[in-house]
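Student: Input my_file-v8.cif, format and content: mmCIF, C-alpha atoms and all ligand atoms.
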data_query
loop_
_atom_site.group_PDB
_atom_site.id
_atom_site.type_symbol
_atom_site.label_atom_id
_atom_site.label_comp_id
_atom_site.auth_asym_id
_atom_site.auth_seq_id
_atom_site.Cartn_x
_atom_site.Cartn_y
_atom_site.Cartn_z
ATOM 1 C CA MET A 1 15.859 -67.893 -17.164
ATOM 2 C CA SER A 2 15.137 -68.240 -20.859
ATOM 3 C CA LEU A 3 16.936 -66.003 -23.335
ATOM 4 C CA MET A 4 14.803 -62.945 -24.105
ATOM 5 C CA ARG A 5 15.833 -62.718 -27.762
ATOM 6 C CA ALA A 6 15.630 -64.941 -30.817
ATOM 7 C CA HIS A 7 17.918 -67.914 -30.363
ATOM 8 C CA GLY A 8 18.694 -71.493 -31.233
ATOM 9 C CA ILE A 9 18.173 -74.465 -28.951
ATOM 10 C CA MET A 10 21.297 -76.620 -29.034
ATOM 11 C CA PHE A 11 21.190 -80.423 -29.007
ATOM 12 C CA HIS A 12 23.943 -83.026 -29.010
ATOM 13 C CA HIS A 13 23.304 -86.612 -27.851
ATOM 14 C CA PHE A 14 20.057 -88.599 -27.822
ATOM 15 C CA HIS A 15 19.207 -92.015 -26.400
ATOM 16 C CA GLY A 16 16.657 -94.544 -27.622
ATOM 17 C CA GLY A 17 16.650 -97.684 -29.798
ATOM 18 C CA SER A 18 20.225 -98.832 -30.214
ATOM 19 C CA HIS A 19 21.571 -95.591 -28.698
ATOM 20 C CA ARG A 20 22.353 -96.082 -25.033
ATOM 21 C CA ARG A 21 21.588 -93.720 -22.192
ATOM 22 C CA SER A 22 24.609 -91.531 -21.479
ATOM 23 C CA GLN A 23 25.506 -88.314 -19.709
ATOM 24 C CA GLY A 24 23.374 -85.457 -21.043
ATOM 25 C CA ALA A 25 21.600 -87.607 -23.657
ATOM 26 C CA VAL A 26 17.984 -86.669 -24.388
ATOM 27 C CA GLY A 27 15.126 -89.075 -25.191
ATOM 28 C CA ALA A 28 12.365 -88.698 -27.791
ATOM 29 C CA ASP A 29 9.879 -88.059 -24.941
ATOM 30 C CA ASP A 30 12.094 -85.282 -23.545
ATOM 31 C CA LEU A 31 12.179 -83.655 -26.968
ATOM 32 C CA GLU A 32 8.395 -83.808 -27.315
ATOM 33 C CA GLN A 33 7.923 -82.326 -23.844
ATOM 34 C CA LEU A 34 10.454 -79.623 -24.626
ATOM 35 C CA ILE A 35 8.585 -78.674 -27.808
ATOM 36 C CA ALA A 36 5.391 -78.331 -25.747
ATOM 37 C CA PHE A 37 7.200 -76.393 -22.990
ATOM 38 C CA VAL A 38 8.845 -73.926 -25.372
ATOM 39 C CA GLY A 39 5.690 -73.731 -27.513
ATOM 40 C CA ARG A 40 5.449 -75.353 -30.947
ATOM 41 C CA GLU A 41 4.302 -72.044 -32.483
ATOM 42 C CA ARG A 42 7.523 -70.283 -31.392
ATOM 43 C CA ILE A 43 9.770 -72.771 -33.185
ATOM 44 C CA LEU A 44 10.444 -71.622 -36.748
ATOM 45 C CA PRO A 45 11.320 -74.002 -39.578
ATOM 46 C CA ALA A 46 15.031 -73.685 -40.375
ATOM 47 C CA GLU A 47 14.506 -71.910 -43.709
ATOM 48 C CA GLU A 48 12.215 -69.332 -42.137
ATOM 49 C CA PHE A 49 14.580 -68.670 -39.219
ATOM 50 C CA PHE A 50 17.412 -68.250 -41.721
ATOM 51 C CA SER A 51 15.582 -65.858 -44.028
ATOM 52 C CA ARG A 52 14.268 -63.794 -41.121
ATOM 53 C CA ALA A 53 17.767 -63.642 -39.563
ATOM 54 C CA VAL A 54 19.273 -62.459 -42.843
ATOM 55 C CA ARG A 55 16.712 -59.714 -43.457
ATOM 56 C CA GLY A 56 16.356 -58.658 -39.818
ATOM 57 C CA GLY A 57 12.869 -60.100 -39.319
ATOM 58 C CA LEU A 58 13.412 -62.198 -36.183
ATOM 59 C CA ARG A 59 11.314 -61.401 -33.131
ATOM 60 C CA ALA A 60 12.393 -61.981 -29.537
ATOM 61 C CA GLU A 61 10.123 -65.007 -29.112
ATOM 62 C CA HIS A 62 11.451 -66.864 -32.166
ATOM 63 C CA VAL A 63 13.557 -69.966 -31.646
ATOM 64 C CA CYS A 64 15.022 -72.661 -33.895
ATOM 65 C CA LEU A 65 16.357 -76.150 -33.261
ATOM 66 C CA THR A 66 20.028 -76.949 -33.903
ATOM 67 C CA PHE A 67 21.908 -80.262 -33.874
ATOM 68 C CA ASP A 68 25.708 -80.253 -33.697
ATOM 69 C CA ASP A 69 28.358 -82.852 -34.515
ATOM 70 C CA ASN A 70 26.834 -85.193 -37.137
ATOM 71 C CA LEU A 71 25.574 -87.731 -34.594
ATOM 72 C CA ARG A 72 23.616 -90.753 -35.795
ATOM 73 C CA CYS A 73 21.471 -90.723 -32.633
ATOM 74 C CA GLN A 74 20.093 -87.329 -33.719
ATOM 75 C CA PHE A 75 18.983 -88.797 -37.031
ATOM 76 C CA ASP A 76 17.496 -91.934 -35.472
ATOM 77 C CA VAL A 77 15.815 -90.419 -32.393
ATOM 78 C CA ALA A 78 15.206 -86.692 -32.969
ATOM 79 C CA ARG A 79 14.386 -86.589 -36.678
ATOM 80 C CA PRO A 80 11.194 -88.706 -36.386
ATOM 81 C CA VAL A 81 9.960 -86.354 -33.628
ATOM 82 C CA LEU A 82 10.648 -83.324 -35.819
ATOM 83 C CA GLU A 83 8.733 -84.998 -38.655
ATOM 84 C CA LYS A 84 5.797 -85.661 -36.361
ATOM 85 C CA TYR A 85 5.605 -81.945 -35.512
ATOM 86 C CA GLY A 86 6.338 -80.742 -39.057
ATOM 87 C CA LEU A 87 9.588 -79.106 -37.956
ATOM 88 C CA THR A 88 12.918 -78.634 -39.688
ATOM 89 C CA ALA A 89 16.215 -77.762 -38.028
ATOM 90 C CA PHE A 90 19.845 -76.717 -38.520
ATOM 91 C CA TRP A 91 22.416 -79.537 -38.508
ATOM 92 C CA PHE A 92 26.037 -78.459 -38.061
ATOM 93 C CA ILE A 93 28.310 -81.101 -39.494
ATOM 94 C CA ALA A 94 32.008 -81.798 -38.852
ATOM 95 C CA THR A 95 32.552 -83.561 -42.186
ATOM 96 C CA ALA A 96 35.742 -85.546 -41.399
ATOM 97 C CA THR A 97 33.504 -87.871 -39.361
ATOM 98 C CA LEU A 98 31.987 -89.068 -42.659
ATOM 99 C CA ASN A 99 35.336 -90.809 -43.216
ATOM 100 C CA GLY A 100 35.602 -91.915 -39.589
ATOM 101 C CA GLN A 101 38.093 -89.154 -38.773
ATOM 102 C CA GLY A 102 38.209 -86.080 -36.549
ATOM 103 C CA ALA A 103 36.050 -85.304 -33.510
ATOM 104 C CA GLU A 104 38.295 -87.480 -31.322
ATOM 105 C CA PHE A 105 36.389 -86.252 -28.287
ATOM 106 C CA GLU A 106 33.325 -88.252 -29.396
ATOM 107 C CA ILE A 107 35.396 -91.427 -29.373
ATOM 108 C CA HIS A 108 36.674 -90.421 -25.940
ATOM 109 C CA ARG A 109 33.102 -89.865 -24.811
ATOM 110 C CA SER A 110 32.110 -93.262 -26.106
ATOM 111 C CA PHE A 111 35.051 -94.806 -24.189
ATOM 112 C CA ARG A 112 33.994 -92.922 -21.041
ATOM 113 C CA GLU A 113 30.380 -94.074 -21.348
ATOM 114 C CA ARG A 114 31.070 -97.716 -22.239
ATOM 115 C CA CYS A 115 34.098 -98.565 -20.107
ATOM 116 C CA PHE A 116 33.454 -96.812 -16.770
ATOM 117 C CA HIS A 117 30.810 -96.964 -14.052
ATOM 118 C CA GLY A 118 29.707 -93.360 -14.269
ATOM 119 C CA ILE A 119 31.523 -90.095 -14.754
ATOM 120 C CA ASP A 120 33.197 -90.064 -11.302
ATOM 121 C CA ASP A 121 34.822 -93.410 -12.054
ATOM 122 C CA PHE A 122 36.167 -91.976 -15.322
ATOM 123 C CA HIS A 123 37.427 -88.744 -13.730
ATOM 124 C CA GLU A 124 39.268 -90.766 -11.104
ATOM 125 C CA ALA A 125 40.948 -92.981 -13.726
ATOM 126 C CA PHE A 126 41.788 -89.929 -15.842
ATOM 127 C CA PHE A 127 43.514 -88.072 -13.007
ATOM 128 C CA ARG A 128 45.313 -91.272 -12.020
ATOM 129 C CA ALA A 129 46.608 -91.580 -15.598
ATOM 130 C CA VAL A 130 47.647 -87.907 -15.696
ATOM 131 C CA CYS A 131 49.412 -88.151 -12.347
ATOM 132 C CA SER A 132 51.433 -91.146 -13.397
ATOM 133 C CA GLY A 133 52.765 -89.309 -16.469
ATOM 134 C CA GLU A 134 55.106 -86.469 -17.361
ATOM 135 C CA HIS A 135 52.379 -83.786 -17.149
ATOM 136 C CA CYS A 136 51.725 -84.363 -13.458
ATOM 137 C CA PRO A 137 53.707 -81.391 -12.028
ATOM 138 C CA LYS A 138 52.120 -78.926 -14.482
ATOM 139 C CA VAL A 139 48.596 -80.171 -13.716
ATOM 140 C CA GLU A 140 49.118 -80.144 -9.936
ATOM 141 C CA GLN A 141 50.437 -76.600 -10.061
ATOM 142 C CA ALA A 142 47.546 -75.336 -12.254
ATOM 143 C CA LEU A 143 44.932 -76.944 -9.999
ATOM 144 C CA ARG A 144 46.290 -75.161 -6.932
ATOM 145 C CA SER A 145 44.829 -71.851 -8.127
ATOM 146 C CA PHE A 146 41.802 -73.306 -9.987
ATOM 147 C CA ASP A 147 38.373 -71.968 -8.965
ATOM 148 C CA PRO A 148 35.438 -74.000 -10.440
ATOM 149 C CA ARG A 149 33.026 -71.110 -9.743
ATOM 150 C CA THR A 150 34.647 -68.885 -12.353
ATOM 151 C CA PHE A 151 35.485 -71.486 -15.035
ATOM 152 C CA LEU A 152 32.789 -72.015 -17.741
ATOM 153 C CA ALA A 153 30.523 -69.854 -15.590
ATOM 154 C CA THR A 154 27.940 -69.417 -18.382
ATOM 155 C CA PHE A 155 27.233 -73.182 -18.416
ATOM 156 C CA PRO A 156 25.330 -73.731 -15.166
ATOM 157 C CA PHE A 157 24.774 -77.471 -15.607
ATOM 158 C CA TYR A 158 28.427 -78.493 -15.184
ATOM 159 C CA THR A 159 29.394 -79.956 -11.825
ATOM 160 C CA ASP A 160 32.632 -78.854 -10.109
ATOM 161 C CA ALA A 161 34.202 -82.176 -11.135
ATOM 162 C CA ASP A 162 33.199 -81.555 -14.801
ATOM 163 C CA ARG A 163 34.752 -78.094 -14.629
ATOM 164 C CA ARG A 164 37.975 -79.414 -13.102
ATOM 165 C CA PHE A 165 38.234 -82.081 -15.819
ATOM 166 C CA ARG A 166 37.542 -79.616 -18.648
ATOM 167 C CA PHE A 167 40.016 -77.116 -17.197
ATOM 168 C CA VAL A 168 42.796 -79.713 -17.136
ATOM 169 C CA ARG A 169 41.846 -81.090 -20.562
ATOM 170 C CA ASP A 170 41.536 -77.764 -22.412
ATOM 171 C CA GLU A 171 43.623 -75.221 -20.517
ATOM 172 C CA VAL A 172 46.444 -77.242 -18.944
ATOM 173 C CA LEU A 173 47.105 -80.305 -21.118
ATOM 174 C CA GLY A 174 45.907 -79.030 -24.499
ATOM 175 C CA PRO A 175 44.834 -81.299 -27.369
ATOM 176 C CA SER A 176 47.992 -83.323 -27.987
ATOM 177 C CA ALA A 177 48.797 -84.184 -24.344
ATOM 178 C CA TYR A 178 45.124 -84.905 -23.668
ATOM 179 C CA ASP A 179 44.821 -87.175 -26.740
ATOM 180 C CA GLU A 180 48.001 -88.960 -25.710
ATOM 181 C CA THR A 181 46.596 -89.550 -22.199
ATOM 182 C CA MET A 182 43.328 -90.889 -23.605
ATOM 183 C CA ARG A 183 45.132 -93.109 -26.126
ATOM 184 C CA SER A 184 47.164 -94.687 -23.375
ATOM 185 C CA MET A 185 44.027 -95.218 -21.224
ATOM 186 C CA MET A 186 42.182 -96.807 -24.179
ATOM 187 C CA GLY A 187 45.217 -98.956 -25.011
ATOM 188 C CA GLU A 188 45.429 -100.242 -21.447
ATOM 189 C CA SER A 189 41.697 -100.990 -21.309
ATOM 190 C CA GLY A 190 41.923 -103.268 -24.372
ATOM 191 C CA VAL A 191 38.743 -101.800 -25.965
ATOM 192 C CA ARG A 192 38.560 -102.088 -29.784
ATOM 193 C CA PRO A 193 38.278 -98.755 -31.647
ATOM 194 C CA GLY A 194 35.504 -100.192 -33.875
ATOM 195 C CA ASP A 195 33.359 -100.815 -30.775
ATOM 196 C CA LEU A 196 33.610 -97.153 -29.807
ATOM 197 C CA THR A 197 32.482 -95.753 -33.167
ATOM 198 C CA ARG A 198 29.652 -98.173 -33.976
ATOM 199 C CA ASP A 199 26.461 -96.181 -34.668
ATOM 200 C CA LEU A 200 28.210 -92.954 -33.741
ATOM 201 C CA TRP A 201 28.102 -90.862 -36.938
ATOM 202 C CA MET A 202 25.553 -90.084 -39.635
ATOM 203 C CA ASP A 203 26.650 -91.166 -43.108
ATOM 204 C CA GLU A 204 26.239 -89.360 -46.421
ATOM 205 C CA ASP A 205 22.811 -90.908 -47.042
ATOM 206 C CA CYS A 206 21.530 -89.455 -43.760
ATOM 207 C CA LEU A 207 22.790 -85.997 -44.669
ATOM 208 C CA VAL A 208 21.284 -86.117 -48.150
ATOM 209 C CA ALA A 209 17.967 -87.243 -46.627
ATOM 210 C CA LEU A 210 18.045 -84.297 -44.205
ATOM 211 C CA HIS A 211 18.846 -81.858 -46.989
ATOM 212 C CA ARG A 212 16.004 -83.216 -49.157
ATOM 213 C CA GLY A 213 13.684 -83.042 -46.154
ATOM 214 C CA GLY A 214 14.086 -79.255 -45.958
ATOM 215 C CA HIS A 215 16.631 -79.195 -43.116
ATOM 216 C CA ILE A 216 19.643 -76.881 -43.358
ATOM 217 C CA LEU A 217 23.167 -78.325 -43.176
ATOM 218 C CA GLY A 218 25.810 -75.897 -41.924
ATOM 219 C CA LEU A 219 29.517 -75.653 -41.151
ATOM 220 C CA HIS A 220 31.111 -76.873 -37.922
ATOM 221 C CA THR A 221 34.767 -77.215 -39.145
ATOM 222 C CA HIS A 222 36.056 -80.362 -40.873
ATOM 223 C CA THR A 223 37.754 -82.197 -37.966
ATOM 224 C CA HIS A 224 36.114 -80.400 -35.003
ATOM 225 C CA PRO A 225 39.098 -79.058 -33.033
ATOM 226 C CA THR A 226 37.965 -78.259 -29.490
ATOM 227 C CA ARG A 227 39.809 -74.902 -29.516
ATOM 228 C CA VAL A 228 39.472 -73.271 -32.948
ATOM 229 C CA ALA A 229 40.597 -69.933 -31.504
ATOM 230 C CA TYR A 230 44.026 -71.409 -30.682
ATOM 231 C CA LEU A 231 44.646 -72.337 -34.357
ATOM 232 C CA SER A 232 46.418 -70.019 -36.803
ATOM 233 C CA ALA A 233 44.241 -68.198 -39.343
ATOM 234 C CA ALA A 234 45.616 -70.515 -42.077
ATOM 235 C CA GLU A 235 44.674 -73.636 -40.080
ATOM 236 C CA GLN A 236 41.220 -72.255 -39.361
ATOM 237 C CA GLU A 237 40.711 -71.449 -43.024
ATOM 238 C CA ARG A 238 41.658 -74.999 -44.037
ATOM 239 C CA GLU A 239 39.219 -76.421 -41.468
ATOM 240 C CA TYR A 240 36.313 -74.322 -42.733
ATOM 241 C CA ARG A 241 37.165 -74.638 -46.453
ATOM 242 C CA ASP A 242 37.376 -78.449 -46.300
ATOM 243 C CA ASN A 243 34.109 -78.461 -44.400
ATOM 244 C CA TYR A 244 32.499 -76.104 -46.935
ATOM 245 C CA MET A 245 33.613 -78.171 -49.948
ATOM 246 C CA ALA A 246 32.459 -81.464 -48.410
ATOM 247 C CA LEU A 247 28.974 -80.113 -47.639
ATOM 248 C CA MET A 248 28.660 -78.466 -51.037
ATOM 249 C CA GLN A 249 29.557 -81.734 -52.752
ATOM 250 C CA LEU A 250 26.883 -83.571 -50.784
ATOM 251 C CA THR A 251 24.025 -81.117 -51.220
ATOM 252 C CA GLY A 252 24.934 -79.223 -54.401
ATOM 253 C CA ARG A 253 24.297 -76.018 -52.441
ATOM 254 C CA THR A 254 26.692 -73.488 -50.967
ATOM 255 C CA PRO A 255 26.520 -73.602 -47.161
ATOM 256 C CA GLN A 256 25.351 -70.318 -45.632
ATOM 257 C CA THR A 257 25.221 -71.182 -41.935
ATOM 258 C CA ALA A 258 27.674 -72.286 -39.220
ATOM 259 C CA SER A 259 28.005 -72.980 -35.522
ATOM 260 C CA HIS A 260 31.238 -72.538 -33.563
ATOM 261 C CA PRO A 261 32.534 -75.872 -32.199
ATOM 262 C CA CYS A 262 32.851 -75.711 -28.402
ATOM 263 C CA ASN A 263 32.011 -71.998 -28.694
ATOM 264 C CA SER A 264 35.581 -71.317 -29.781
ATOM 265 C CA TYR A 265 36.337 -68.633 -32.358
ATOM 266 C CA ASN A 266 38.066 -65.294 -32.771
ATOM 267 C CA ALA A 267 38.110 -62.341 -35.183
ATOM 268 C CA ALA A 268 40.026 -64.427 -37.755
ATOM 269 C CA THR A 269 37.303 -67.103 -37.685
ATOM 270 C CA LEU A 270 34.557 -64.558 -38.317
ATOM 271 C CA ALA A 271 36.539 -63.063 -41.233
ATOM 272 C CA ILE A 272 36.961 -66.550 -42.777
ATOM 273 C CA LEU A 273 33.253 -67.310 -42.415
ATOM 274 C CA ARG A 274 32.318 -63.979 -43.997
ATOM 275 C CA LYS A 275 34.696 -64.680 -46.873
ATOM 276 C CA LEU A 276 32.990 -68.051 -47.424
ATOM 277 C CA GLY A 277 29.636 -66.287 -47.658
ATOM 278 C CA ILE A 278 28.271 -67.548 -44.330
ATOM 279 C CA ARG A 279 25.344 -65.335 -43.312
ATOM 280 C CA LEU A 280 24.108 -66.903 -40.079
ATOM 281 C CA GLY A 281 26.299 -68.295 -37.281
ATOM 282 C CA PHE A 282 25.620 -69.561 -33.780
ATOM 283 C CA ARG A 283 27.513 -69.493 -30.499
ATOM 284 C CA ALA A 284 27.008 -72.218 -27.891
ATOM 285 C CA ASP A 285 25.641 -69.849 -25.235
ATOM 286 C CA GLY A 286 23.775 -66.578 -24.791
ATOM 287 C CA ALA A 287 26.548 -64.692 -23.038
ATOM 288 C CA LEU A 288 27.184 -62.029 -25.659
ATOM 289 C CA ALA A 289 24.916 -58.990 -25.311
ATOM 290 C CA ASP A 290 25.873 -57.425 -28.627
ATOM 291 C CA ALA A 291 26.018 -60.397 -30.977
ATOM 292 C CA GLY A 292 26.737 -60.078 -34.693
ATOM 293 C CA PRO A 293 25.122 -62.136 -37.499
ATOM 294 C CA LEU A 294 27.690 -64.926 -37.023
ATOM 295 C CA GLU A 295 27.231 -65.010 -33.239
ATOM 296 C CA HIS A 296 23.549 -65.737 -32.679
ATOM 297 C CA PRO A 297 22.868 -67.014 -29.153
ATOM 298 C CA ARG A 298 21.875 -70.574 -28.340
ATOM 299 C CA GLU A 299 20.605 -72.228 -25.213
ATOM 300 C CA ASP A 300 21.728 -75.752 -24.330
ATOM 301 C CA VAL A 301 18.910 -78.275 -24.040
ATOM 302 C CA ALA A 302 20.229 -79.141 -20.551
ATOM 303 C CA CYS A 303 19.278 -75.643 -19.316
ATOM 304 C CA ILE A 304 15.728 -75.970 -20.656
ATOM 305 C CA LEU A 305 15.228 -79.464 -19.218
ATOM 306 C CA ARG A 306 16.380 -78.098 -15.889
ATOM 307 C CA ARG A 307 13.803 -75.300 -16.025
ATOM 308 C CA MET A 308 11.136 -77.841 -16.998
ATOM 309 C CA ALA A 309 12.016 -79.974 -13.956
ATOM 310 C CA GLU A 310 11.886 -76.916 -11.669
ATOM 311 C CA CYS A 311 8.470 -75.927 -13.038
ATOM 312 C CA GLU A 312 7.105 -79.411 -12.457
ATOM 313 C CA SER A 313 8.323 -79.626 -8.896
ATOM 314 C CA PRO A 314 9.494 -76.224 -7.633
ATOM 315 C CA SER A 315 10.604 -77.552 -4.234
ATOM 316 C CA SER A 316 12.911 -80.265 -5.545
ATOM 317 C CA PRO A 317 16.576 -79.528 -6.225
ATOM 318 C CA ALA A 318 17.590 -78.884 -9.830
ATOM 319 C CA ILE A 319 18.621 -82.006 -11.687
ATOM 320 C CA SER A 320 22.167 -82.203 -12.888
ATOM 321 C CA LEU A 321 22.727 -82.719 -16.580
ATOM 322 C CA GLY A 322 25.942 -82.609 -18.526
ATOM 323 C CA THR A 323 26.594 -82.261 -22.223
ATOM 324 C CA SER A 324 28.807 -84.159 -24.540
ATOM 325 C CA ARG A 325 31.802 -81.851 -24.416
HETATM 326 ZN ZN ZN B 401 30.485 -79.584 -31.887
#
As structure tokens, how would this structure be written, given the file I've shared?
Ligand SMILES: [Zn+2]
Tutor:
Amino acid sequence: MSLMRAHGIMFHHFHGGSHRRSQGAVGADDLEQLIAFVGRERILPAEEFFSRAVRGGLRAEHVCLTFDDNLRCQFDVARPVLEKYGLTAFWFIATATLNGQGAEFEIHRSFRERCFHGIDDFHEAFFRAVCSGEHCPKVEQALRSFDPRTFLATFPFYTDADRRFRFVRDEVLGPSAYDETMRSMMGESGVRPGDLTRDLWMDEDCLVALHRGGHILGLHTHTHPTRVAYLSAAEQEREYRDNYMALMQLTGRTPQTASHPCNSYNAATLAILRKLGIRLGFRADGALADAGPLEHPREDVACILRRMAECESPSSPAISLGTSR
């Protein structure tokens, strides 16, 4: 069911042109159909959503469009559709990617999409790699009590296999052991790092063009850690300050909006964002009933596409869509 309060619609990957089809990626046609399904008149331009949010003027039916992670496919595929409909959106940018750094998980995703025959093939290779390494006993033990029904329960589009993978990646291995596993898999495959990042990120020219086109650029940390809440307050502050300075340099404006990478934040994060003057922030779900100004709900595009498919053919089973994380 759709969220019954003002919210953002959250997009990550798109396919079309030079951008290949991949798990959870959305096409220009899907975006157009989604705009019609949601209702063009409900979708506020970014500036209007922002000013209404700040002065308390949002109504339950209002939505906005949000694009996370500085992906070039968003610029190439989604932006022309937005232009066609006279829409502007929020773009949450992890700025280290402008120098080809950070957001390792996107490079991992690219590896997964280009070097395996589907997600099951990747999961199998991943667990084989884990089980041949030093982390095997810890992972086996954790999986004995793992229940996919209760993990990431607010994200209905994940399959059990997705949940098992994300549990091991985020809760059992943690970033450094996971990165090490992926590095060894990529090393063994012989793939060249340059092949994995081609066409992946927007560059500074794209961001300046968005800013001049009336879109709003917001914070998403500098290097996009997958678990911001596990970082110390000092580390979090560095992430958001670097991000803030990089965006300000590009646009000449102080950023006033943010979205929480992988929905991860804590009280320290919110205090840092307030200190930086951020006035509107977004979660990655709609799970919080009593959300503050830095915790506006969002609905993943995968959930809306699923509802669209159910409306079209109510008797057919729901399609399964994943997202980039
Ligand atoms: Zn992100």
Student: Just the residues within 10 Å of segment 129-144 of chain A, please, counting all atoms listed in the file, with nothing from its chain fewer than 3 positions along; format it as a PyMOL selection string.
Tutor: chain A and resi 123-126+147-148+164+167-169+171-173+177-178+181-182+184-185
Student: Identify which of the residues A:Ala103, A:Ala153, A:Leu31, A:Leu247 lies closest to ligand ZN 401 (chain B), counting only C-alpha atoms and all ligand atoms when measuring atom-to-atom distances.
Tutor: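 Looking only at the distances to ligand ZN 401 (chain B), the closest residue turns out to be A:Ala103.
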Student: Could the residues that lie within 7 Å of ligand ZN 401 (chain B), counting all atoms listed in the file, be listed as a ChimeraX atom specification?
Tutor: /A:68-69,220,224,261-262
Student: Can you tell me how far atom CA of Arg212 of chain A sits from atom CA of Ala89 of chain A, in Å to one decimal?
Tutor: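 That distance, rounded to one decimal, is 12.4 Å.
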Student: Which distance in Å separates atom CA of Glu237 of chain A and atom CA of Ser51 of chain A, to one decimal?
Tutor: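 According to the coordinates, atom CA of Glu237 of chain A and atom CA of Ser51 of chain A are separated by 25.8 Å.
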Student: Find the residues with any atom within 12 Å of (32.2, -100.0, -18.9); use all atoms listed in the file and the coordinates as given in the file, and write the answer as an mmCIF file with C-alpha atoms, in the frame of the given file.
Tutor:
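Dumped to result30.cif:
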data_model
loop_
_atom_site.group_PDB
_atom_site.id
_atom_site.type_symbol
_atom_site.label_atom_id
_atom_site.label_comp_id
_atom_site.auth_asym_id
_atom_site.auth_seq_id
_atom_site.Cartn_x
_atom_site.Cartn_y
_atom_site.Cartn_z
ATOM 1 C CA SER A 22 24.609 -91.531 -21.479
ATOM 2 C CA ARG A 109 33.102 -89.865 -24.811
ATOM 3 C CA SER A 110 32.110 -93.262 -26.106
ATOM 4 C CA PHE A 111 35.051 -94.806 -24.189
ATOM 5 C CA ARG A 112 33.994 -92.922 -21.041
ATOM 6 C CA GLU A 113 30.380 -94.074 -21.348
ATOM 7 C CA ARG A 114 31.070 -97.716 -22.239
ATOM 8 C CA CYS A 115 34.098 -98.565 -20.107
ATOM 9 C CA PHE A 116 33.454 -96.812 -16.770
ATOM 10 C CA HIS A 117 30.810 -96.964 -14.052
ATOM 11 C CA GLY A 118 29.707 -93.360 -14.269
ATOM 12 C CA ILE A 119 31.523 -90.095 -14.754
ATOM 13 C CA ASP A 121 34.822 -93.410 -12.054
ATOM 14 C CA PHE A 122 36.167 -91.976 -15.322
ATOM 15 C CA MET A 186 42.182 -96.807 -24.179
ATOM 16 C CA SER A 189 41.697 -100.990 -21.309
ATOM 17 C CA GLY A 190 41.923 -103.268 -24.372
ATOM 18 C CA VAL A 191 38.743 -101.800 -25.965
ATOM 19 C CA ASP A 195 33.359 -100.815 -30.775
ATOM 20 C CA LEU A 196 33.610 -97.153 -29.807
#
Student: For segment 72-185 of chain A against segment 293-315 of chain A, with a cut-off of 12 Å and counting only C-alpha atoms, what is the closest atom pair and its distance in Å to one decimal for every residue that makes the cut, ordered by chain and number, as JSON lines?
Tutor:
{"residue": "A:Thr154", "atom": "CA", "partner": "A:Glu299", "partner_atom": "CA", "distance": 10.4}
{"residue": "A:Phe155", "atom": "CA", "partner": "A:Cys303", "partner_atom": "CA", "distance": 8.4}
{"residue": "A:Pro156", "atom": "CA", "partner": "A:Cys303", "partner_atom": "CA", "distance": 7.6}
{"residue": "A:Phe157", "atom": "CA", "partner": "A:Cys303", "partner_atom": "CA", "distance": 6.9}
{"residue": "A:Tyr158", "atom": "CA", "partner": "A:Ala302", "partner_atom": "CA", "distance": 9.8}
Student: For the residues in the current selection, export C-alpha atoms as an mmCIF file, in the frame of the given file.
Tutor:
data_model
loop_
_atom_site.group_PDB
_atom_site.id
_atom_site.type_symbol
_atom_site.label_atom_id
_atom_site.label_comp_id
_atom_site.auth_asym_id
_atom_site.auth_seq_id
_atom_site.Cartn_x
_atom_site.Cartn_y
_atom_site.Cartn_z
ATOM 1 C CA THR A 154 27.940 -69.417 -18.382
ATOM 2 C CA PHE A 155 27.233 -73.182 -18.416
ATOM 3 C CA PRO A 156 25.330 -73.731 -15.166
ATOM 4 C CA PHE A 157 24.774 -77.471 -15.607
ATOM 5 C CA TYR A 158 28.427 -78.493 -15.184
#
Student: Taking the file as I've supplied it (selection: the PyMOL selection byres (((chain A and resi 198-208) around 6) and not hetatm)), which residues are included? Please answer as a list in words.
Tutor: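 Against this file, the PyMOL selection byres (((chain A and resi 198-208) around 6) and not hetatm) returns the residues Asn70, Leu71, Arg72, Leu98, Asp195, Leu196, Thr197, Ala209, Leu210 and His211 of chain A.
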Student: To one decimal in Å, tell me the separation between atom CA of Ala268 of chain A and atom CA of Tyr240 of chain A.
Tutor: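 Atom CA of Ala268 of chain A sits 11.7 Å away from atom CA of Tyr240 of chain A.
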Student: May I have the residues at most 10 Å from (22.0, -71.4, -46.6) in the file's coordinates, counting all atoms listed in the file, as a ChimeraX atom specification?
Tutor: /A:46-47,50-51,90,216-218,253-258,277-280
Student: With distances taken over all atoms listed in the file, which residue among A:Leu58, A:Met248, A:Val63, A:Ala233 lies nearest Thr95 of chain A?
Tutor: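 Of A:Leu58, A:Met248, A:Val63, A:Ala233, the one nearest Thr95 of chain A, counting all atoms listed in the file, is A:Met248.
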Student: Give me the box for segment 181-184 of chain A as JSON, namely the centre and edge lengths in Å to one decimal of a box along x, y and z that holds every listed atom plus 6 Å on each side.
Tutor:
{"center_x": 45.2, "center_y": -92.1, "center_z": -24.2, "size_x": 15.8, "size_y": 17.1, "size_z": 15.9}
Student: Between A:Gly213, A:Gln101, A:Gly281, A:Pro225, which one has atoms that come closest to Thr251 of chain A, using all atoms listed in the file?
Tutor: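 With all atoms listed in the file as the atom set, the closest residue is A:Gly213.
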Student: Evaluated on this file, the PyMOL selection byres (((chain A and resi 232) around 12) and not hetatm) picks out some residues - which ones are they, written as a list in words?
Tutor: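 On the file shown, the PyMOL selection byres (((chain A and resi 232) around 12) and not hetatm) covers Arg227, Val228, Ala229, Tyr230, Leu231, Ala233, Ala234, Glu235, Gln236, Glu237, Arg238, Glu239, Tyr265, Asn266, Ala267, Ala268, Thr269 and Ile272 of chain A.
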